[in-house]
Amino acid sequence: MGTSVLFAGISLILVMVYLAIFVIMLVAAWKVFVKMGLPGWYCIIPFFNVYVVLRKVWTVKLPFTAYVAGVVLSYLSTFVISSKTGDYLGFASILILIVFTVMFNNYVAKAFNKSTGFTVGLVLLPVVFWPILGFGSAYYMGNRYMEGRMMR
């Protein structure tokens, strides 16, 4: 009986820590959206939140298509296809989503006038660096990708 009580207590503590991190990340994302001039509640709508951030910091067509393709391939390889093909689709989806995540976070960092090191932080430690964007003094500078393309 003592062991089960111990595991229940540890589980409760872990759930509370997880919920605290979730709330901090939600509030940080809300504040980042507000800094970009978007309603904060946009951050809680799956897929739409990625779409509107892409519109503000990068471009929409190819990146959003790659993101959706990566998510769909991941779903197919996990739940629908169970063979070598599913393994290859799973690997392809992981590659697509990793590349998308790095590029997405790079353009978010550039939109807030942050360095490549900050991009690495957004990719590897989002729990630390998204709150830095949301609660810190960073401000939205605009879509650096589109500005660069217009100058050519």
# chains A, B, ... in the order shown; residues from 1 in each chain; ligands from 1
call {"tool": "select_by_dssp", "arguments": {"residues": "region 3-149 of chain A", "states": "alpha helix (DSSP H)", "output": "tab-separated table (two decimals) with N, CA and C atoms, in the first residue's frame"}}
result
chain	number	residue	atom	x	y	z
A	3	THR	N	3.76	1.76	-1.43
A	3	THR	CA	4.32	2.02	-2.75
A	3	THR	C	3.30	2.67	-3.67
A	4	SER	N	2.07	2.21	-3.63
A	4	SER	CA	1.05	2.78	-4.52
A	4	SER	C	0.74	4.23	-4.13
A	5	VAL	N	0.79	4.53	-2.85
A	5	VAL	CA	0.57	5.91	-2.40
A	5	VAL	C	1.72	6.79	-2.88
A	6	LEU	N	2.94	6.26	-2.80
A	6	LEU	CA	4.11	7.00	-3.27
A	6	LEU	C	4.00	7.29	-4.77
A	7	PHE	N	3.64	6.27	-5.56
A	7	PHE	CA	3.48	6.47	-7.01
A	7	PHE	C	2.36	7.45	-7.33
A	8	ALA	N	1.28	7.40	-6.55
A	8	ALA	CA	0.17	8.34	-6.76
A	8	ALA	C	0.63	9.77	-6.46
A	9	GLY	N	1.41	9.94	-5.39
A	9	GLY	CA	1.91	11.27	-5.05
A	9	GLY	C	2.87	11.80	-6.12
A	10	ILE	N	3.77	10.95	-6.59
A	10	ILE	CA	4.71	11.36	-7.65
A	10	ILE	C	3.95	11.69	-8.92
A	11	SER	N	2.96	10.87	-9.25
A	11	SER	CA	2.15	11.13	-10.45
A	11	SER	C	1.43	12.46	-10.34
A	12	LEU	N	0.89	12.75	-9.18
A	12	LEU	CA	0.18	14.02	-8.97
A	12	LEU	C	1.14	15.20	-9.12
A	13	ILE	N	2.33	15.07	-8.57
A	13	ILE	CA	3.33	16.15	-8.70
A	13	ILE	C	3.70	16.35	-10.17
A	14	LEU	N	3.93	15.26	-10.90
A	14	LEU	CA	4.28	15.37	-12.32
A	14	LEU	C	3.16	16.00	-13.14
A	15	VAL	N	1.93	15.64	-12.83
A	15	VAL	CA	0.79	16.24	-13.54
A	15	VAL	C	0.71	17.73	-13.24
A	16	MET	N	0.95	18.12	-12.01
A	16	MET	CA	0.91	19.55	-11.65
A	16	MET	C	2.03	20.32	-12.36
A	17	VAL	N	3.22	19.74	-12.43
A	17	VAL	CA	4.33	20.40	-13.14
A	17	VAL	C	4.01	20.53	-14.62
A	18	TYR	N	3.46	19.45	-15.20
A	18	TYR	CA	3.08	19.48	-16.60
A	18	TYR	C	2.03	20.57	-16.86
A	19	LEU	N	1.03	20.65	-16.01
A	19	LEU	CA	-0.02	21.67	-16.18
A	19	LEU	C	0.55	23.08	-16.04
A	20	ALA	N	1.48	23.27	-15.11
A	20	ALA	CA	2.10	24.58	-14.95
A	20	ALA	C	2.88	24.97	-16.21
A	21	ILE	N	3.65	24.03	-16.74
A	21	ILE	CA	4.39	24.30	-17.99
A	21	ILE	C	3.43	24.59	-19.13
A	22	PHE	N	2.34	23.83	-19.21
A	22	PHE	CA	1.34	24.04	-20.25
A	22	PHE	C	0.75	25.44	-20.16
A	23	VAL	N	0.40	25.87	-18.97
A	23	VAL	CA	-0.19	27.21	-18.79
A	23	VAL	C	0.82	28.29	-19.14
A	24	ILE	N	2.07	28.13	-18.71
A	24	ILE	CA	3.11	29.11	-19.05
A	24	ILE	C	3.29	29.20	-20.56
A	25	MET	N	3.35	28.06	-21.24
A	25	MET	CA	3.52	28.06	-22.70
A	25	MET	C	2.31	28.67	-23.40
A	26	LEU	N	1.11	28.39	-22.90
A	26	LEU	CA	-0.10	28.95	-23.49
A	26	LEU	C	-0.12	30.47	-23.35
A	27	VAL	N	0.20	30.96	-22.18
A	27	VAL	CA	0.22	32.41	-21.96
A	27	VAL	C	1.33	33.05	-22.79
A	28	ALA	N	2.49	32.40	-22.88
A	28	ALA	CA	3.59	32.93	-23.69
A	28	ALA	C	3.19	32.99	-25.17
A	29	ALA	N	2.58	31.93	-25.68
A	29	ALA	CA	2.13	31.93	-27.08
A	29	ALA	C	1.08	33.01	-27.29
A	30	TRP	N	0.17	33.17	-26.35
A	30	TRP	CA	-0.86	34.20	-26.43
A	30	TRP	C	-0.20	35.58	-26.57
A	31	LYS	N	0.80	35.84	-25.73
A	31	LYS	CA	1.49	37.13	-25.75
A	31	LYS	C	2.28	37.33	-27.05
A	32	VAL	N	2.87	36.25	-27.58
A	32	VAL	CA	3.59	36.36	-28.87
A	32	VAL	C	2.60	36.72	-29.97
A	33	PHE	N	1.43	36.08	-29.98
A	33	PHE	CA	0.42	36.39	-30.99
A	33	PHE	C	-0.02	37.84	-30.88
A	34	VAL	N	-0.22	38.32	-29.65
A	34	VAL	CA	-0.62	39.72	-29.46
A	34	VAL	C	0.47	40.66	-29.94
A	35	LYS	N	1.73	40.32	-29.68
A	35	LYS	CA	2.84	41.14	-30.16
A	35	LYS	C	2.88	41.20	-31.69
A	48	PHE	N	-4.60	26.23	-37.53
A	48	PHE	CA	-4.85	27.65	-37.84
A	48	PHE	C	-3.77	28.52	-37.22
A	49	ASN	N	-3.32	28.16	-36.00
A	49	ASN	CA	-2.29	28.95	-35.35
A	49	ASN	C	-0.99	28.94	-36.16
A	50	VAL	N	-0.64	27.80	-36.71
A	50	VAL	CA	0.56	27.71	-37.56
A	50	VAL	C	0.35	28.53	-38.83
A	51	TYR	N	-0.83	28.44	-39.41
A	51	TYR	CA	-1.13	29.16	-40.65
A	51	TYR	C	-0.99	30.67	-40.46
A	52	VAL	N	-1.55	31.22	-39.39
A	52	VAL	CA	-1.51	32.67	-39.21
A	52	VAL	C	-0.11	33.15	-38.85
A	53	VAL	N	0.65	32.34	-38.10
A	53	VAL	CA	2.03	32.73	-37.81
A	53	VAL	C	2.86	32.69	-39.09
A	54	LEU	N	2.66	31.68	-39.91
A	54	LEU	CA	3.36	31.62	-41.20
A	54	LEU	C	3.05	32.86	-42.04
A	55	ARG	N	1.81	33.27	-42.02
A	55	ARG	CA	1.42	34.46	-42.78
A	55	ARG	C	2.13	35.71	-42.27
A	56	LYS	N	2.41	35.75	-40.97
A	56	LYS	CA	3.05	36.92	-40.39
A	56	LYS	C	4.57	36.91	-40.49
A	57	VAL	N	5.20	35.71	-40.51
A	57	VAL	CA	6.66	35.67	-40.44
A	57	VAL	C	7.35	35.07	-41.66
A	61	LYS	N	2.13	29.20	-48.66
A	61	LYS	CA	1.82	28.05	-49.52
A	61	LYS	C	2.71	26.83	-49.26
A	62	LEU	N	3.97	26.89	-49.61
A	62	LEU	CA	4.83	25.72	-49.48
A	62	LEU	C	5.07	25.30	-48.03
A	63	PRO	N	5.39	26.21	-47.12
A	63	PRO	CA	5.62	25.76	-45.74
A	63	PRO	C	4.40	25.12	-45.09
A	64	PHE	N	3.23	25.71	-45.28
A	64	PHE	CA	2.04	25.14	-44.66
A	64	PHE	C	1.71	23.79	-45.28
A	65	THR	N	1.90	23.67	-46.59
A	65	THR	CA	1.68	22.40	-47.26
A	65	THR	C	2.64	21.34	-46.73
A	66	ALA	N	3.90	21.70	-46.53
A	66	ALA	CA	4.88	20.76	-45.98
A	66	ALA	C	4.51	20.36	-44.57
A	67	TYR	N	4.04	21.31	-43.77
A	67	TYR	CA	3.64	21.02	-42.40
A	67	TYR	C	2.47	20.03	-42.38
A	68	VAL	N	1.44	20.31	-43.16
A	68	VAL	CA	0.27	19.42	-43.20
A	68	VAL	C	0.68	18.05	-43.75
A	69	ALA	N	1.53	18.04	-44.78
A	69	ALA	CA	1.99	16.76	-45.35
A	69	ALA	C	2.75	15.96	-44.30
A	70	GLY	N	3.59	16.61	-43.53
A	70	GLY	CA	4.33	15.92	-42.48
A	70	GLY	C	3.41	15.33	-41.43
A	71	VAL	N	2.40	16.08	-41.03
A	71	VAL	CA	1.44	15.59	-40.02
A	71	VAL	C	0.63	14.43	-40.59
A	72	VAL	N	0.17	14.55	-41.83
A	72	VAL	CA	-0.63	13.48	-42.46
A	72	VAL	C	0.22	12.23	-42.64
A	73	LEU	N	1.45	12.37	-43.13
A	73	LEU	CA	2.33	11.21	-43.29
A	73	LEU	C	2.60	10.55	-41.94
A	74	SER	N	2.76	11.34	-40.92
A	74	SER	CA	2.98	10.79	-39.58
A	74	SER	C	1.78	9.98	-39.13
A	75	TYR	N	0.58	10.53	-39.36
A	75	TYR	CA	-0.65	9.81	-39.00
A	75	TYR	C	-0.76	8.51	-39.79
A	84	LYS	N	6.76	-1.97	-44.40
A	84	LYS	CA	7.97	-1.19	-44.71
A	84	LYS	C	7.60	0.18	-45.25
A	85	THR	N	6.53	0.25	-46.02
A	85	THR	CA	6.09	1.54	-46.56
A	85	THR	C	5.75	2.49	-45.43
A	86	GLY	N	5.08	1.99	-44.41
A	86	GLY	CA	4.76	2.81	-43.26
A	86	GLY	C	6.00	3.31	-42.55
A	87	ASP	N	7.03	2.45	-42.49
A	87	ASP	CA	8.29	2.87	-41.88
A	87	ASP	C	8.92	4.01	-42.67
A	88	TYR	N	8.92	3.89	-43.99
A	88	TYR	CA	9.50	4.94	-44.83
A	88	TYR	C	8.70	6.24	-44.73
A	89	LEU	N	7.37	6.10	-44.70
A	89	LEU	CA	6.54	7.30	-44.55
A	89	LEU	C	6.78	7.97	-43.20
A	90	GLY	N	6.94	7.17	-42.16
A	90	GLY	CA	7.23	7.72	-40.85
A	90	GLY	C	8.55	8.46	-40.84
A	91	PHE	N	9.57	7.88	-41.46
A	91	PHE	CA	10.87	8.54	-41.54
A	91	PHE	C	10.77	9.83	-42.35
A	92	ALA	N	10.04	9.79	-43.47
A	92	ALA	CA	9.87	10.99	-44.30
A	92	ALA	C	9.13	12.07	-43.52
A	93	SER	N	8.11	11.69	-42.77
A	93	SER	CA	7.35	12.69	-42.00
A	93	SER	C	8.22	13.32	-40.93
A	94	ILE	N	9.07	12.53	-40.30
A	94	ILE	CA	9.97	13.08	-39.28
A	94	ILE	C	10.92	14.09	-39.91
A	95	LEU	N	11.50	13.74	-41.05
A	95	LEU	CA	12.41	14.67	-41.74
A	95	LEU	C	11.70	15.96	-42.13
A	96	ILE	N	10.50	15.82	-42.71
A	96	ILE	CA	9.74	17.01	-43.13
A	96	ILE	C	9.45	17.90	-41.93
A	97	LEU	N	9.00	17.31	-40.84
A	97	LEU	CA	8.63	18.11	-39.67
A	97	LEU	C	9.85	18.73	-38.98
A	98	ILE	N	10.98	18.04	-38.99
A	98	ILE	CA	12.20	18.63	-38.41
A	98	ILE	C	12.64	19.83	-39.23
A	99	VAL	N	12.69	19.68	-40.55
A	99	VAL	CA	13.09	20.79	-41.42
A	99	VAL	C	12.11	21.95	-41.26
A	100	PHE	N	10.81	21.64	-41.26
A	100	PHE	CA	9.80	22.69	-41.10
A	100	PHE	C	9.98	23.41	-39.76
A	101	THR	N	10.19	22.66	-38.68
A	101	THR	CA	10.33	23.26	-37.35
A	101	THR	C	11.52	24.20	-37.29
A	102	VAL	N	12.65	23.77	-37.85
A	102	VAL	CA	13.84	24.62	-37.82
A	102	VAL	C	13.60	25.89	-38.63
A	103	MET	N	13.06	25.76	-39.84
A	103	MET	CA	12.83	26.94	-40.68
A	103	MET	C	11.76	27.85	-40.08
A	104	PHE	N	10.69	27.28	-39.58
A	104	PHE	CA	9.62	28.05	-38.96
A	104	PHE	C	10.16	28.88	-37.79
A	105	ASN	N	10.90	28.22	-36.90
A	105	ASN	CA	11.45	28.93	-35.74
A	105	ASN	C	12.49	29.96	-36.15
A	106	ASN	N	13.23	29.70	-37.24
A	106	ASN	CA	14.18	30.68	-37.74
A	106	ASN	C	13.46	31.95	-38.19
A	107	TYR	N	12.37	31.80	-38.93
A	107	TYR	CA	11.64	32.98	-39.38
A	107	TYR	C	10.92	33.69	-38.24
A	108	VAL	N	10.47	32.94	-37.24
A	108	VAL	CA	9.89	33.59	-36.05
A	108	VAL	C	10.97	34.42	-35.36
A	109	ALA	N	12.15	33.84	-35.19
A	109	ALA	CA	13.25	34.58	-34.54
A	109	ALA	C	13.62	35.82	-35.34
A	110	LYS	N	13.70	35.70	-36.66
A	110	LYS	CA	14.02	36.86	-37.50
A	110	LYS	C	12.94	37.93	-37.40
A	111	ALA	N	11.68	37.51	-37.32
A	111	ALA	CA	10.59	38.48	-37.22
A	111	ALA	C	10.65	39.27	-35.92
A	116	THR	N	20.53	33.71	-34.87
A	116	THR	CA	20.46	32.29	-35.18
A	116	THR	C	20.56	31.46	-33.90
A	117	GLY	N	21.31	31.94	-32.94
A	117	GLY	CA	21.39	31.25	-31.65
A	117	GLY	C	20.03	31.16	-30.97
A	118	PHE	N	19.24	32.20	-31.11
A	118	PHE	CA	17.88	32.19	-30.56
A	118	PHE	C	17.02	31.15	-31.30
A	119	THR	N	17.26	31.00	-32.60
A	119	THR	CA	16.56	29.96	-33.38
A	119	THR	C	16.88	28.59	-32.80
A	120	VAL	N	18.14	28.34	-32.52
A	120	VAL	CA	18.54	27.06	-31.93
A	120	VAL	C	17.83	26.86	-30.60
A	121	GLY	N	17.73	27.92	-29.81
A	121	GLY	CA	17.00	27.84	-28.55
A	121	GLY	C	15.53	27.54	-28.74
A	122	LEU	N	14.90	28.19	-29.73
A	122	LEU	CA	13.49	27.92	-30.01
A	122	LEU	C	13.26	26.48	-30.42
A	123	VAL	N	14.21	25.90	-31.15
A	123	VAL	CA	14.06	24.52	-31.62
A	123	VAL	C	14.33	23.53	-30.48
A	124	LEU	N	15.40	23.74	-29.73
A	124	LEU	CA	15.82	22.75	-28.74
A	124	LEU	C	15.18	22.95	-27.36
A	126	PRO	N	12.08	25.03	-26.49
A	126	PRO	CA	10.95	25.94	-26.67
A	126	PRO	C	10.30	26.35	-25.36
A	127	VAL	N	10.39	25.52	-24.33
A	127	VAL	CA	9.78	25.83	-23.04
A	127	VAL	C	10.46	27.04	-22.40
A	128	VAL	N	11.70	27.31	-22.77
A	128	VAL	CA	12.42	28.46	-22.24
A	128	VAL	C	12.32	29.66	-23.19
A	129	PHE	N	12.48	29.42	-24.50
A	129	PHE	CA	12.64	30.52	-25.43
A	129	PHE	C	11.32	31.13	-25.91
A	130	TRP	N	10.23	30.37	-25.98
A	130	TRP	CA	8.94	31.00	-26.32
A	130	TRP	C	8.48	31.95	-25.22
A	131	PRO	N	8.62	31.59	-23.93
A	131	PRO	CA	8.31	32.58	-22.90
A	131	PRO	C	9.22	33.80	-22.94
A	132	ILE	N	10.47	33.63	-23.36
A	132	ILE	CA	11.35	34.80	-23.50
A	132	ILE	C	10.77	35.73	-24.56
A	133	LEU	N	10.28	35.17	-25.67
A	133	LEU	CA	9.64	36.01	-26.70
A	133	LEU	C	8.37	36.66	-26.17
A	134	GLY	N	7.56	35.88	-25.48
A	134	GLY	CA	6.27	36.38	-25.02
A	134	GLY	C	6.36	37.39	-23.89
A	135	PHE	N	7.16	37.08	-22.88
A	135	PHE	CA	7.22	37.92	-21.69
A	135	PHE	C	8.35	38.94	-21.73
A	144	ARG	N	10.43	39.37	-42.34
A	144	ARG	CA	11.76	39.53	-42.94
A	144	ARG	C	11.89	38.77	-44.25
A	145	TYR	N	11.21	37.64	-44.36
A	145	TYR	CA	11.28	36.83	-45.58
A	145	TYR	C	10.72	37.61	-46.76
A	146	MET	N	9.54	38.17	-46.59
A	146	MET	CA	8.90	38.89	-47.70
A	146	MET	C	9.64	40.19	-48.01
A	147	GLU	N	10.19	40.86	-46.98
A	147	GLU	CA	10.95	42.08	-47.22
A	147	GLU	C	12.19	41.78	-48.06
A	148	GLY	N	12.85	40.68	-47.76
A	148	GLY	CA	14.03	40.27	-48.52
A	148	GLY	C	13.71	39.92	-49.96
A	149	ARG	N	12.55	39.31	-50.16
A	149	ARG	CA	12.16	38.91	-51.52
A	149	ARG	C	11.74	40.13	-52.34
call {"tool": "closest_residue", "arguments": {"among": "A:Ser77, A:Ile45, A:Asn113, A:Leu38", "to": "Asn143 (chain A)", "atoms": "only C-alpha atoms"}}
result
A:Asn113
call {"tool": "atom_distance", "arguments": {"atom1": "CA of Val80 (chain A)", "atom2": "CA of Val60 (chain A)"}}
result
28.1 Å
